[in-house]
Number of protein chains: 2
Amino acid sequence: MTAAVLSIVTLGVDDLARSFAFYEALGLERCTSSQDEIVWFRTPHSYIGLFGRDELAQDAAIEPGGRTAFGGVTLAINVSSEGEADEWFERALAAGADVLKRLEKTSWGGYSGYFADPDGHAWEIAHNPSWTIGDDGRLVIP
Amino acid sequence: MTAAVLSIVTLGVDDLARSFAFYEALGLERCTSSQDEIVWFRTPHSYIGLFGRDELAQDAAIEPGGRTAFGGVTLAINVSSEGEADEWFERALAAGADVLKRLEKTSWGGYSGYFADPDGHAWEIAHNPSWTIGDDGRLVIP
């Protein structure tokens with residue numbers, strides 16, 4: 001059994017060109033196998049897929065329905081210092097992200113903030129001093 | 001700069017014990033650093049976090065608001081054969097998942113279906129014959 005669990009996180013988007021530009025401005029690497037209707041980005045962890053929101057709901061056989069501010073999921077970017085968190089947050093804002101919560105010291109001894117991508121998908125930028133990030137750019141949670 | 005992009009996908013849940021049991025029944029490995037309020041699961045790609053839905057919204061400074069069937073995000077498990085997809089789907093149903101779409105041949109030459117976890121988070125089980133999965137259990141998208 002070879003199962004690539006959580007291989008892809010697909011984000012439903014309203015404007016593929018806008019979202020593509022946003023994630024490219026964040027510095028993510030687009031996969032060459034991306035197509036007109038679906039874009040893949042490579043990360044050290046899961047791949048990110050961008051796909052039309054209604055088409056994604058249809059593919060999953062779910063009613064696209066109305067929207068709420070909170071979709072029930074958050075995505076994280078862990079960095080190795082507070083300064084790097086600041087840099088990432090600024091880069092996200094420059095790319096057009098909305099601030100959900102400015103970076104601040106947290107109760108768990110770290111440093112964290114949240115931004116929303118053009119479709120409202122919530123991303124946390126976090127530095128957790130008790131976790132390590134390998135040379136492969138992958139977080140290690142004990 | 002060492003940034004672990006998409007290090008964690010945190011799922012807001014209504015009943016942490018129920019969701020913990022579900023993902024354990026799927027065969028995922030719980031991280032020892034899990035706590036009473038938040039559970040981490042290891043996957044070959046991103047980590048999965050389970051956290052109370054309202055607390056997660058609060059952490060991200062978003063109004064938890066009402067819910068719709070579709071949260072705008074889907075998560076994928078890629079497998080290396082149709083038979084393995086069948087096995088995963090059956091395991092998910094046995095663990096208490098709801099069927100969103102039964103496994104079927106797809107227009108892109110693969111085999112795909114969707115289930116919903118206890119909180120309605122949508123997971124796709126897919127076999128894409130043109131993609132490879134490494135010995136480390138990680139999907140490779142060209």
# chains A, B, ... in the order shown; residues from 1 in each chain; ligands from 1

$ select_by_dssp --residues "chain B" --states "alpha helix (DSSP H)" --output "count of residues only"
30

$ residues_around --residues "range 92-94 of chain A" --least-positions-apart "2" --cutoff "12 Å" --atoms "only C-alpha atoms" --output "VMD selection string"
chain A and resid 21 to 28 77 85 to 90 96 to 102 113 to 118 122 to 125

$ write_last_selection --atoms "N, CA and C atoms" --output "tab-separated table (two decimals), in the first residue's frame"
chain	number	residue	atom	x	y	z
A	21	ALA	N	-1.71	34.62	-9.80
A	21	ALA	CA	-0.78	35.74	-9.60
A	21	ALA	C	-0.44	35.92	-8.12
A	22	PHE	N	-1.44	35.70	-7.27
A	22	PHE	CA	-1.22	35.86	-5.83
A	22	PHE	C	-0.19	34.84	-5.33
A	23	TYR	N	-0.38	33.58	-5.66
A	23	TYR	CA	0.52	32.55	-5.13
A	23	TYR	C	1.90	32.61	-5.79
A	24	GLU	N	1.92	33.06	-7.01
A	24	GLU	CA	3.23	33.25	-7.65
A	24	GLU	C	3.99	34.39	-6.96
A	25	ALA	N	3.25	35.45	-6.61
A	25	ALA	CA	3.88	36.58	-5.91
A	25	ALA	C	4.37	36.18	-4.52
A	26	LEU	N	3.73	35.17	-3.94
A	26	LEU	CA	4.22	34.67	-2.65
A	26	LEU	C	5.52	33.90	-2.81
A	27	GLY	N	5.86	33.55	-4.03
A	27	GLY	CA	7.11	32.85	-4.28
A	27	GLY	C	6.96	31.37	-4.50
A	28	LEU	N	5.74	30.90	-4.64
A	28	LEU	CA	5.55	29.46	-4.84
A	28	LEU	C	5.87	29.04	-6.27
A	77	ILE	N	2.04	28.27	7.30
A	77	ILE	CA	3.42	28.41	6.85
A	77	ILE	C	4.25	28.60	8.11
A	85	ALA	N	8.98	35.60	9.78
A	85	ALA	CA	7.52	35.70	9.80
A	85	ALA	C	7.09	37.09	9.32
A	86	ASP	N	7.77	38.12	9.82
A	86	ASP	CA	7.46	39.49	9.40
A	86	ASP	C	7.63	39.63	7.88
A	87	GLU	N	8.72	39.07	7.34
A	87	GLU	CA	8.96	39.17	5.89
A	87	GLU	C	7.86	38.50	5.09
A	88	TRP	N	7.45	37.30	5.55
A	88	TRP	CA	6.39	36.58	4.84
A	88	TRP	C	5.08	37.33	4.89
A	89	PHE	N	4.79	37.90	6.04
A	89	PHE	CA	3.52	38.63	6.18
A	89	PHE	C	3.51	39.83	5.25
A	90	GLU	N	4.61	40.54	5.20
A	90	GLU	CA	4.69	41.72	4.32
A	90	GLU	C	4.57	41.29	2.86
A	96	GLY	N	-1.41	41.18	-2.11
A	96	GLY	CA	-2.84	41.46	-2.14
A	96	GLY	C	-3.65	40.75	-1.07
A	97	ALA	N	-2.96	40.13	-0.10
A	97	ALA	CA	-3.69	39.44	0.97
A	97	ALA	C	-4.38	40.45	1.88
A	98	ASP	N	-5.43	39.99	2.54
A	98	ASP	CA	-6.08	40.79	3.59
A	98	ASP	C	-5.55	40.33	4.95
A	99	VAL	N	-5.40	41.29	5.85
A	99	VAL	CA	-4.98	40.95	7.21
A	99	VAL	C	-6.15	40.37	7.97
A	100	LEU	N	-5.96	39.19	8.53
A	100	LEU	CA	-6.95	38.67	9.47
A	100	LEU	C	-6.51	38.98	10.89
A	101	LYS	N	-5.25	38.70	11.19
A	101	LYS	CA	-4.68	39.01	12.50
A	101	LYS	C	-3.21	39.33	12.32
A	102	ARG	N	-2.79	40.48	12.77
A	102	ARG	CA	-1.38	40.86	12.69
A	102	ARG	C	-0.53	39.88	13.49
A	113	GLY	N	0.43	35.08	13.05
A	113	GLY	CA	-0.57	35.97	12.48
A	113	GLY	C	-1.28	35.25	11.34
A	114	TYR	N	-2.35	35.83	10.85
A	114	TYR	CA	-3.13	35.21	9.79
A	114	TYR	C	-3.41	36.22	8.68
A	115	PHE	N	-3.37	35.73	7.44
A	115	PHE	CA	-3.87	36.54	6.34
A	115	PHE	C	-4.86	35.70	5.53
A	116	ALA	N	-5.67	36.39	4.72
A	116	ALA	CA	-6.63	35.72	3.83
A	116	ALA	C	-6.19	35.92	2.39
A	117	ASP	N	-6.23	34.85	1.61
A	117	ASP	CA	-5.91	34.95	0.19
A	117	ASP	C	-7.10	35.61	-0.54
A	118	PRO	N	-7.01	35.83	-1.85
A	118	PRO	CA	-8.08	36.57	-2.53
A	118	PRO	C	-9.47	35.96	-2.40
A	122	ALA	N	-7.80	31.06	4.71
A	122	ALA	CA	-7.01	31.59	5.82
A	122	ALA	C	-5.66	30.90	5.94
A	123	TRP	N	-4.60	31.69	5.94
A	123	TRP	CA	-3.24	31.20	6.11
A	123	TRP	C	-2.65	31.78	7.39
A	124	GLU	N	-2.05	30.89	8.18
A	124	GLU	CA	-1.31	31.34	9.36
A	124	GLU	C	0.18	31.40	9.01
A	125	ILE	N	0.82	32.44	9.45
A	125	ILE	CA	2.28	32.50	9.42
A	125	ILE	C	2.73	32.33	10.87

$ closest_atom_pairs --of "chain A" --to "chain B" --cutoff "8 Å" --atoms "only C-alpha atoms" --output "tab-separated table"
residue	atom	partner	partner_atom	distance
A:Met1	CA	B:Glu84	CA	7.0
A:Thr2	CA	B:Gly137	CA	5.8
A:Ala3	CA	B:Val79	CA	4.6
A:Ala4	CA	B:Asn78	CA	5.0
A:Val5	CA	B:Ile77	CA	4.4
A:Leu6	CA	B:Ala76	CA	5.1
A:Ser7	CA	B:Ala76	CA	5.7
A:Ile8	CA	B:Ala76	CA	5.1
A:Val9	CA	B:Leu75	CA	4.8
A:Thr10	CA	B:Thr74	CA	5.2
A:Leu11	CA	B:Val73	CA	4.8
A:Gly12	CA	B:Gly72	CA	5.0
A:Val13	CA	B:Gly72	CA	7.9
A:Cys31	CA	B:Pro142	CA	6.0
A:Thr32	CA	B:Pro142	CA	6.1
A:Ser33	CA	B:Pro142	CA	5.6
A:Thr43	CA	B:Val5	CA	5.9
A:Pro44	CA	B:Val5	CA	6.3
A:His45	CA	B:His45	CA	4.6
A:Ser46	CA	B:His45	CA	4.9
A:Arg53	CA	B:Gly72	CA	6.4
A:Leu56	CA	B:Gly72	CA	7.8
A:Ala57	CA	B:Phe70	CA	6.7
A:Ala60	CA	B:Tyr114	CA	5.8
A:Ala61	CA	B:Leu100	CA	5.9
A:Ile62	CA	B:Phe70	CA	6.3
A:Glu63	CA	B:Ala69	CA	6.5
A:Pro64	CA	B:Phe70	CA	5.6
A:Gly65	CA	B:Thr68	CA	6.2
A:Gly66	CA	B:Thr68	CA	6.4
A:Arg67	CA	B:Thr68	CA	6.5
A:Thr68	CA	B:Gly65	CA	6.2
A:Ala69	CA	B:Glu63	CA	6.5
A:Phe70	CA	B:Pro64	CA	5.6
A:Gly71	CA	B:Gly71	CA	4.3
A:Gly72	CA	B:Gly12	CA	5.0
A:Val73	CA	B:Leu11	CA	4.8
A:Thr74	CA	B:Thr10	CA	5.2
A:Leu75	CA	B:Val9	CA	4.7
A:Ala76	CA	B:Leu6	CA	5.1
A:Ile77	CA	B:Val5	CA	4.4
A:Asn78	CA	B:Ala4	CA	5.0
A:Val79	CA	B:Ala3	CA	4.6
A:Ser80	CA	B:Thr2	CA	6.2
A:Glu84	CA	B:Met1	CA	7.0
A:Leu100	CA	B:Ala61	CA	5.9
A:Lys101	CA	B:Ala61	CA	5.9
A:Gly113	CA	B:Ala60	CA	7.5
A:Tyr114	CA	B:Ala60	CA	5.8
A:Ala122	CA	B:Ala60	CA	7.4
A:Glu124	CA	B:Ala60	CA	7.5
A:Ile133	CA	B:Ala4	CA	6.8
A:Asp135	CA	B:Thr2	CA	7.7
A:Gly137	CA	B:Ala4	CA	5.0
A:Arg138	CA	B:Ala4	CA	5.1
A:Leu139	CA	B:Ala4	CA	5.6
A:Ile141	CA	B:Cys31	CA	7.0
A:Pro142	CA	B:Ser33	CA	5.6

$ write_last_selection --atoms "C-alpha atoms" --output "PDB file, in the first residue's frame"
ATOM      1  CA  MET A   1       0.000   0.000   0.000  1.00  0.00           C
ATOM      2  CA  THR A   2       1.422   3.301  -1.066  1.00  0.00           C
ATOM      3  CA  ALA A   3      -0.902   6.121  -0.186  1.00  0.00           C
ATOM      4  CA  ALA A   4       0.118   9.718  -0.534  1.00  0.00           C
ATOM      5  CA  VAL A   5      -2.139  11.059   2.206  1.00  0.00           C
ATOM      6  CA  LEU A   6      -2.861  14.784   1.956  1.00  0.00           C
ATOM      7  CA  SER A   7      -0.966  14.937  -1.321  1.00  0.00           C
ATOM      8  CA  ILE A   8      -2.939  17.964  -2.496  1.00  0.00           C
ATOM      9  CA  VAL A   9      -4.918  20.762  -0.903  1.00  0.00           C
ATOM     10  CA  THR A  10      -7.197  22.196  -3.567  1.00  0.00           C
ATOM     11  CA  LEU A  11      -8.504  25.705  -3.022  1.00  0.00           C
ATOM     12  CA  GLY A  12     -11.701  26.763  -4.738  1.00  0.00           C
ATOM     13  CA  VAL A  13     -11.188  30.162  -6.343  1.00  0.00           C
ATOM     14  CA  CYS A  31       4.203  22.815 -11.620  1.00  0.00           C
ATOM     15  CA  THR A  32       4.741  22.513 -15.361  1.00  0.00           C
ATOM     16  CA  SER A  33       1.799  20.117 -15.578  1.00  0.00           C
ATOM     17  CA  THR A  43       5.494  23.252  -1.632  1.00  0.00           C
ATOM     18  CA  PRO A  44       7.804  21.300   0.692  1.00  0.00           C
ATOM     19  CA  HIS A  45       4.672  19.626   2.042  1.00  0.00           C
ATOM     20  CA  SER A  46       1.410  19.141   0.129  1.00  0.00           C
ATOM     21  CA  ARG A  53     -14.852  27.069  -6.703  1.00  0.00           C
ATOM     22  CA  LEU A  56     -14.498  22.014  -7.335  1.00  0.00           C
ATOM     23  CA  ALA A  57     -17.787  21.669  -5.475  1.00  0.00           C
ATOM     24  CA  ALA A  60     -16.884  16.620  -5.033  1.00  0.00           C
ATOM     25  CA  ALA A  61     -20.655  16.355  -5.578  1.00  0.00           C
ATOM     26  CA  ILE A  62     -21.314  19.055  -2.979  1.00  0.00           C
ATOM     27  CA  GLU A  63     -23.714  21.977  -3.374  1.00  0.00           C
ATOM     28  CA  PRO A  64     -21.468  25.035  -3.675  1.00  0.00           C
ATOM     29  CA  GLY A  65     -24.024  26.954  -1.591  1.00  0.00           C
ATOM     30  CA  GLY A  66     -23.476  30.287   0.049  1.00  0.00           C
ATOM     31  CA  ARG A  67     -20.280  31.293   1.745  1.00  0.00           C
ATOM     32  CA  THR A  68     -19.267  32.187   5.223  1.00  0.00           C
ATOM     33  CA  ALA A  69     -16.166  34.062   6.242  1.00  0.00           C
ATOM     34  CA  PHE A  70     -14.798  30.899   7.823  1.00  0.00           C
ATOM     35  CA  GLY A  71     -14.584  27.718   5.768  1.00  0.00           C
ATOM     36  CA  GLY A  72     -13.511  25.615   8.741  1.00  0.00           C
ATOM     37  CA  VAL A  73      -9.922  25.076   7.571  1.00  0.00           C
ATOM     38  CA  THR A  74      -6.679  26.978   8.075  1.00  0.00           C
ATOM     39  CA  LEU A  75      -3.357  26.450   6.291  1.00  0.00           C
ATOM     40  CA  ALA A  76       0.014  27.155   7.866  1.00  0.00           C
ATOM     41  CA  ILE A  77       3.418  28.410   6.849  1.00  0.00           C
ATOM     42  CA  ASN A  78       5.988  27.771   9.551  1.00  0.00           C
ATOM     43  CA  VAL A  79       9.152  29.839   9.559  1.00  0.00           C
ATOM     44  CA  SER A  80      12.359  29.703  11.543  1.00  0.00           C
ATOM     45  CA  GLU A  84      11.152  35.729   8.722  1.00  0.00           C
ATOM     46  CA  LEU A 100      -6.951  38.669   9.466  1.00  0.00           C
ATOM     47  CA  LYS A 101      -4.682  39.010  12.504  1.00  0.00           C
ATOM     48  CA  GLY A 113      -0.569  35.971  12.476  1.00  0.00           C
ATOM     49  CA  TYR A 114      -3.133  35.210   9.786  1.00  0.00           C
ATOM     50  CA  ALA A 122      -7.006  31.591   5.818  1.00  0.00           C
ATOM     51  CA  GLU A 124      -1.307  31.341   9.355  1.00  0.00           C
ATOM     52  CA  ILE A 133      12.422  22.962  10.013  1.00  0.00           C
ATOM     53  CA  ASP A 135      17.051  21.549   5.209  1.00  0.00           C
ATOM     54  CA  GLY A 137      12.052  23.016   4.083  1.00  0.00           C
ATOM     55  CA  ARG A 138       9.775  20.629   5.909  1.00  0.00           C
ATOM     56  CA  LEU A 139       8.470  21.170   9.407  1.00  0.00           C
ATOM     57  CA  ILE A 141       6.387  18.009  14.649  1.00  0.00           C
ATOM     58  CA  PRO A 142       7.471  15.590  17.390  1.00  0.00           C
TER      59      PRO A 142
END

$ atom_distance --atom1 "CA of Arg91 in chain B" --atom2 "CA of Ile38 in chain A"
28.9 Å

$ closest_residue --among "A:Gln35, A:Asp14, A:Ser130, A:Ser19" --to "Ala95 in chain A" --atoms "only C-alpha atoms"
A:Ser19

$ select_by_dssp --residues "chain B" --states "strand (DSSP E or B)" --output "MDAnalysis selection string"
chainID B and resid 3:13 29:30 38:42 47:52 73:79 98:105 111:116 122:127 132:133 139:140

$ atom_distance --atom1 "CA of Glu55 in chain B" --atom2 "CA of Gln58 in chain A"
29.5 Å
